[in-house]
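**Student:** File name my_file-v2.txt; file contents compact mmCIF, C-alpha atoms; full text below.
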```txt
# COMPACT_ATOMS: atom_id res chain seq x y z
CA MET A 1 14.52 -29.52 48.07
CA LYS A 2 10.79 -29.12 48.83
CA ILE A 3 10.82 -25.68 47.19
CA LEU A 4 12.45 -27.12 44.07
CA LYS A 5 9.78 -29.86 43.81
CA LYS A 6 6.94 -27.35 44.31
CA LEU A 7 8.46 -24.95 41.78
CA SER A 8 8.88 -27.66 39.14
CA ALA A 9 5.32 -28.93 39.75
CA LEU A 10 3.97 -25.40 39.39
CA THR A 11 5.98 -24.90 36.19
CA ILE A 12 4.59 -28.10 34.69
CA LEU A 13 1.03 -27.17 35.67
CA ILE A 14 1.32 -23.72 34.08
CA SER A 15 2.87 -25.20 30.93
CA VAL A 16 0.00 -27.68 30.56
CA LEU A 17 -2.61 -24.96 31.07
CA PHE A 18 -1.05 -22.71 28.45
CA SER A 19 -0.72 -25.53 25.94
CA LEU A 20 -4.43 -26.37 26.34
CA ASN A 21 -5.32 -22.82 25.25
CA ALA A 22 -4.41 -23.81 21.70
CA PHE A 23 -7.34 -26.26 21.69
CA ALA A 24 -9.72 -23.49 22.69
CA MET A 25 -9.05 -21.59 19.45
CA ASP A 26 -11.57 -21.94 16.68
CA GLU A 27 -10.21 -23.33 13.42
CA ASN A 28 -11.87 -20.54 11.45
CA TYR A 29 -9.94 -17.57 12.73
CA ASN A 30 -12.00 -14.48 12.10
CA PHE A 31 -9.11 -12.14 11.44
CA LEU A 32 -10.14 -8.96 9.73
CA TYR A 33 -7.73 -8.19 6.94
CA LEU A 34 -7.75 -4.52 6.04
CA GLN A 35 -8.48 -3.55 2.47
CA PRO A 36 -8.58 -0.18 0.69
CA SER A 37 -12.37 0.19 0.81
CA ASP A 38 -12.28 -0.05 4.64
CA ASP A 39 -10.25 3.12 5.22
CA GLN A 40 -12.23 6.18 6.25
CA LYS A 41 -11.10 9.53 4.86
CA SER A 42 -10.91 12.66 6.97
CA GLU A 43 -11.04 16.32 6.04
CA GLU A 44 -7.34 16.58 6.91
CA ASN A 45 -5.53 14.61 4.18
CA SER A 46 -2.34 14.31 6.22
CA GLN A 47 -4.09 11.93 8.64
CA ASP A 48 -5.30 9.53 5.94
CA TYR A 49 -3.96 6.16 4.96
CA ASN A 50 -4.01 5.16 1.31
CA TRP A 51 -3.11 2.06 -0.65
CA THR A 52 -0.96 1.69 -3.74
CA TRP A 53 0.27 -1.18 -5.88
CA LEU A 54 4.04 -1.80 -5.96
CA LYS A 55 3.65 -4.99 -8.04
CA ASP A 56 0.70 -7.02 -9.34
CA ASP A 57 0.74 -9.04 -6.11
CA LEU A 58 1.79 -6.36 -3.61
CA CYS A 59 -0.55 -3.61 -2.43
CA ILE A 60 0.73 -1.49 0.47
CA ARG A 61 -1.07 0.71 2.99
CA PHE A 62 0.81 3.93 3.78
CA LEU A 63 0.31 7.29 5.48
CA SER A 64 -0.21 9.83 2.71
CA GLY A 65 2.02 12.85 2.21
CA ASN A 66 2.88 15.37 -0.51
CA TYR A 67 6.41 14.02 -0.90
CA THR A 68 5.64 10.33 -0.54
CA ASN A 69 7.05 8.24 -3.38
CA LYS A 70 7.17 4.56 -4.28
CA SER A 71 10.71 4.10 -3.01
CA SER A 72 9.76 5.33 0.49
CA ILE A 73 6.73 3.00 0.48
CA GLN A 74 8.94 0.12 -0.69
CA ARG A 75 11.39 0.94 2.12
CA GLN A 76 8.57 0.71 4.69
CA TYR A 77 7.59 -2.68 3.29
CA ASP A 78 11.21 -3.92 3.31
CA MET A 79 11.55 -2.92 6.98
CA GLY A 80 8.35 -4.83 7.80
CA VAL A 81 6.35 -1.84 9.05
CA ALA A 82 3.84 -1.57 6.19
CA ARG A 83 0.54 -3.45 5.99
CA THR A 84 -0.29 -5.37 2.85
CA TRP A 85 -3.62 -6.24 1.28
CA ARG A 86 -4.21 -9.89 2.06
CA ASN A 87 -6.99 -12.38 1.42
CA LYS A 88 -8.08 -15.02 3.89
CA THR A 89 -7.45 -18.59 2.74
CA ILE A 90 -7.94 -22.03 4.27
CA ASN A 91 -4.28 -22.12 5.32
CA GLY A 92 -4.09 -18.53 6.60
CA SER A 93 -3.71 -15.69 4.12
CA GLU A 94 -2.13 -14.76 0.82
CA SER A 95 -1.30 -11.53 -0.96
CA LYS A 96 -4.11 -9.96 -2.94
CA THR A 97 -3.54 -10.10 -6.69
CA ARG A 98 -4.39 -7.02 -8.72
CA GLU A 99 -7.54 -7.49 -10.77
CA THR A 100 -8.36 -4.00 -11.97
CA TYR A 101 -6.28 -1.49 -13.88
CA SER A 102 -8.96 1.13 -14.47
CA GLY A 103 -10.17 4.08 -12.47
CA LYS A 104 -11.69 7.53 -12.49
CA TRP A 105 -10.35 11.05 -12.68
CA SER A 106 -11.71 13.69 -10.34
CA GLN A 107 -11.03 17.36 -9.82
CA SER A 108 -11.18 19.30 -6.56
CA GLU A 109 -12.60 22.79 -6.18
CA ASP A 110 -9.11 24.30 -6.40
CA GLY A 111 -8.55 22.56 -9.76
CA THR A 112 -6.27 19.75 -8.58
CA ARG A 113 -6.81 16.59 -10.62
CA SER A 114 -6.55 13.20 -8.93
CA PHE A 115 -7.03 9.58 -9.90
CA THR A 116 -8.50 6.65 -7.97
CA PHE A 117 -8.55 3.07 -9.19
CA ASP A 118 -11.80 1.08 -9.04
CA ASP A 119 -10.37 -1.02 -6.18
CA CYS A 120 -9.98 2.19 -4.07
CA THR A 121 -6.18 2.32 -4.45
CA ILE A 122 -4.32 5.37 -5.74
CA PRO A 123 -1.33 5.83 -8.04
CA VAL A 124 1.90 7.14 -6.48
CA GLY A 125 4.90 8.24 -8.50
CA VAL A 126 5.14 7.57 -12.22
CA THR A 127 2.03 5.85 -13.57
CA LYS A 128 0.85 5.13 -17.11
CA ILE A 129 -2.83 5.94 -17.69
CA ASP A 130 -4.34 5.80 -21.17
CA GLY A 131 -0.82 5.59 -22.63
CA VAL A 132 0.37 8.81 -20.95
CA LEU A 133 2.95 8.96 -18.15
CA TYR A 134 1.86 10.99 -15.11
CA ALA A 135 3.63 11.60 -11.79
CA PHE A 136 1.30 11.49 -8.78
CA ASN A 137 2.08 12.69 -5.26
CA GLY A 138 1.27 10.65 -2.14
CA TYR A 139 -2.40 11.63 -2.32
CA GLY A 140 -2.91 10.43 -5.92
CA GLU A 141 -2.94 14.04 -7.13
CA LEU A 142 -1.21 15.85 -9.98
CA LYS A 143 0.58 18.79 -8.38
CA ALA A 144 3.30 21.09 -9.64
CA GLY A 145 6.72 20.60 -8.05
CA TYR A 146 6.42 16.88 -7.16
CA GLU A 147 9.85 15.25 -7.62
CA TYR A 148 9.25 11.92 -9.37
CA TYR A 149 12.92 11.24 -10.16
CA THR A 150 16.14 12.85 -8.94
CA GLY A 151 16.05 16.39 -10.28
CA PHE A 152 12.84 15.88 -12.30
CA LYS A 153 9.75 17.73 -11.05
CA THR A 154 6.24 17.93 -12.39
CA GLU A 155 4.59 20.94 -13.91
CA ALA A 156 0.95 21.71 -13.08
CA ASP A 157 -0.29 19.08 -15.59
CA GLY A 158 1.63 16.25 -13.88
CA LEU A 159 3.06 14.94 -17.15
CA VAL A 160 6.35 13.04 -17.03
CA LYS A 161 9.07 14.17 -19.41
CA ALA A 162 11.18 11.19 -20.46
CA ASP A 163 13.87 13.02 -22.42
CA ASN A 164 16.88 11.83 -20.42
CA ALA A 165 18.64 8.52 -21.19
CA GLU A 166 19.30 7.75 -17.52
CA PHE A 167 15.66 8.41 -16.62
CA THR A 168 14.45 6.27 -19.54
CA GLN A 169 16.66 3.42 -18.33
CA TRP A 170 15.30 3.79 -14.76
CA LEU A 171 11.76 3.86 -16.14
CA GLY A 172 12.35 0.42 -17.70
CA THR A 173 12.91 -1.04 -14.21
CA GLN A 174 9.67 0.36 -12.74
CA TYR A 175 6.26 -1.27 -12.32
CA LEU A 176 4.20 0.48 -15.02
CA PRO A 177 1.12 -1.51 -16.06
CA ASP A 178 -1.16 -0.07 -18.74
CA CYS A 179 -4.01 1.54 -16.81
CA THR A 180 -7.15 3.10 -18.25
CA SER A 181 -9.62 5.71 -17.15
CA HIS A 182 -13.36 5.83 -17.45
CA GLU A 183 -16.05 8.35 -16.58
```
Represent the structure of the file as structure tokens.
**Tutor:**
Amino acid sequence: MKILKKLSALTILISVLFSLNAFAMDENYNFLYLQPSDDQKSEENSQDYNWTWLKDDLCIRFLSGNYTNKSSIQRQYDMGVARTWRNKTINGSESKTRETYSGKWSQSEDGTRSFTFDDCTIPVGVTKIDGVLYAFNGYGELKAGYEYYTGFKTEADGLVKADNAEFTQWLGTQYLPDCTSHE
């Protein structure tokens, strides 16, 4: 009986101590929310994280790869393993809303063209830039052989060919805002 009383007293004491820890927290939590401009790039692209927009209020961080596509990024988000771009608010955080739809083209020494938006995100999959449909790989590059839809692969120019009725119907369900480029 004495052991039971001591054990219950110890349990109550520990419970009270742990509950008081909540009062020690500052109201202004200084959480650091990651954003695209924070990511450092390495010489080895396969080790880099990038960000892409899946909707106007959903920007996802993902590990880049040649065969990465929007559906695999969406799957990561649906499973709860992908980070999102969030803004700190008084009540916690909220999803970042897309504010920019413009970006810049660049070309590597080997001739590969890539695109980066002004908010440091990249396009993945089918993207409309200056009224033209392009298919970008997981690095935001236009490469030959990237499969952007079942059975449809890019040529070296990265242009999307929308000459199939099934593909055109699928395209109507995708997030394709009008993006622009600038020098």
**Student:** Rank nothing, just name the residue among A:Leu176, A:Ala162, A:Val81, A:Ile90 nearest to Lys55 in chain A, using all atoms listed in the file.
**Tutor:** A:Leu176
**Student:** Can you work out which one of A:Gly92, A:Pro36, A:Gly65, A:Gly111 has the shortest atom-to-atom distance to Gly140 in chain A, counting only C-alpha atoms?
**Tutor:**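 Closest to Gly140 in chain A, using only C-alpha atoms: A:Gly65.
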**Student:** Can you tell me how far CA of Asp130 in chain A sits from CA of Gly145 in chain A, in Å to one decimal?
**Tutor:**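 A separation of 22.7 Å between them.
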**Student:** Fewer than 2 positions away in the same chain doesn't count, so skip those; otherwise give me all residues within 12 Å of range 107-110 of chain A, counting all atoms listed in the file, as a PDB file with C-alpha atoms, keeping the file's coordinate frame.
**Tutor:**
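Once everything was written out, this is out-v3.pdb:
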```pdb
ATOM      1  CA  LYS A 104     -11.690   7.530 -12.490  1.00  0.00           C
ATOM      2  CA  TRP A 105     -10.350  11.050 -12.680  1.00  0.00           C
ATOM      3  CA  THR A 112      -6.270  19.750  -8.580  1.00  0.00           C
ATOM      4  CA  ARG A 113      -6.810  16.590 -10.620  1.00  0.00           C
ATOM      5  CA  SER A 114      -6.550  13.200  -8.930  1.00  0.00           C
ATOM      6  CA  PHE A 115      -7.030   9.580  -9.900  1.00  0.00           C
ATOM      7  CA  THR A 116      -8.500   6.650  -7.970  1.00  0.00           C
ATOM      8  CA  GLY A 140      -2.910  10.430  -5.920  1.00  0.00           C
ATOM      9  CA  GLU A 141      -2.940  14.040  -7.130  1.00  0.00           C
ATOM     10  CA  LEU A 142      -1.210  15.850  -9.980  1.00  0.00           C
ATOM     11  CA  LYS A 143       0.580  18.790  -8.380  1.00  0.00           C
TER      12      LYS A 143
END
```
**Student:** Residues near Lys153 in chain A, anyone? I mean within 12 Å using all atoms listed in the file, not counting same-chain ones fewer than 2 positions away, as a list in words.
**Tutor:**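 The residues that qualify are Tyr67, Gly125, Val126, Tyr134, Ala135, Phe136, Asn137, Leu142, Lys143, Ala144, Gly145, Tyr146, Glu147, Tyr148, Tyr149, Thr150, Gly151, Glu155, Ala156, Asp157, Gly158, Leu159, Val160, Lys161 and Ala162 of chain A.
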**Student:** Rounded to one decimal place, report the CA of Thr121 in chain A-CA of Phe152 in chain A distance in Å.
**Tutor:**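 Between these atoms lies a distance of 24.6 Å.
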**Student:** Rounded to one decimal, what separation in Å do you get between CA of Tyr101 in chain A and CA of Phe167 in chain A?
**Tutor:**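 Distance between the two atoms: 24.2 Å.
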**Student:** Identify which of the residues A:Met79, A:Cys120, A:Leu7, A:Leu54 lies closest to Asp38 in chain A, counting all atoms listed in the file when measuring atom-to-atom distances.
**Tutor:** A:Cys120
**Student:** What's the 8 Å shell around Cys179 in chain A, counting all atoms listed in the file, without same-chain residues fewer than 6 positions away, as a list in words?
**Tutor:**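 Listing them by chain and then by number gives Tyr101, Ser102, Gly103, Lys128, Ile129, Asp130 and Gly131 of chain A.
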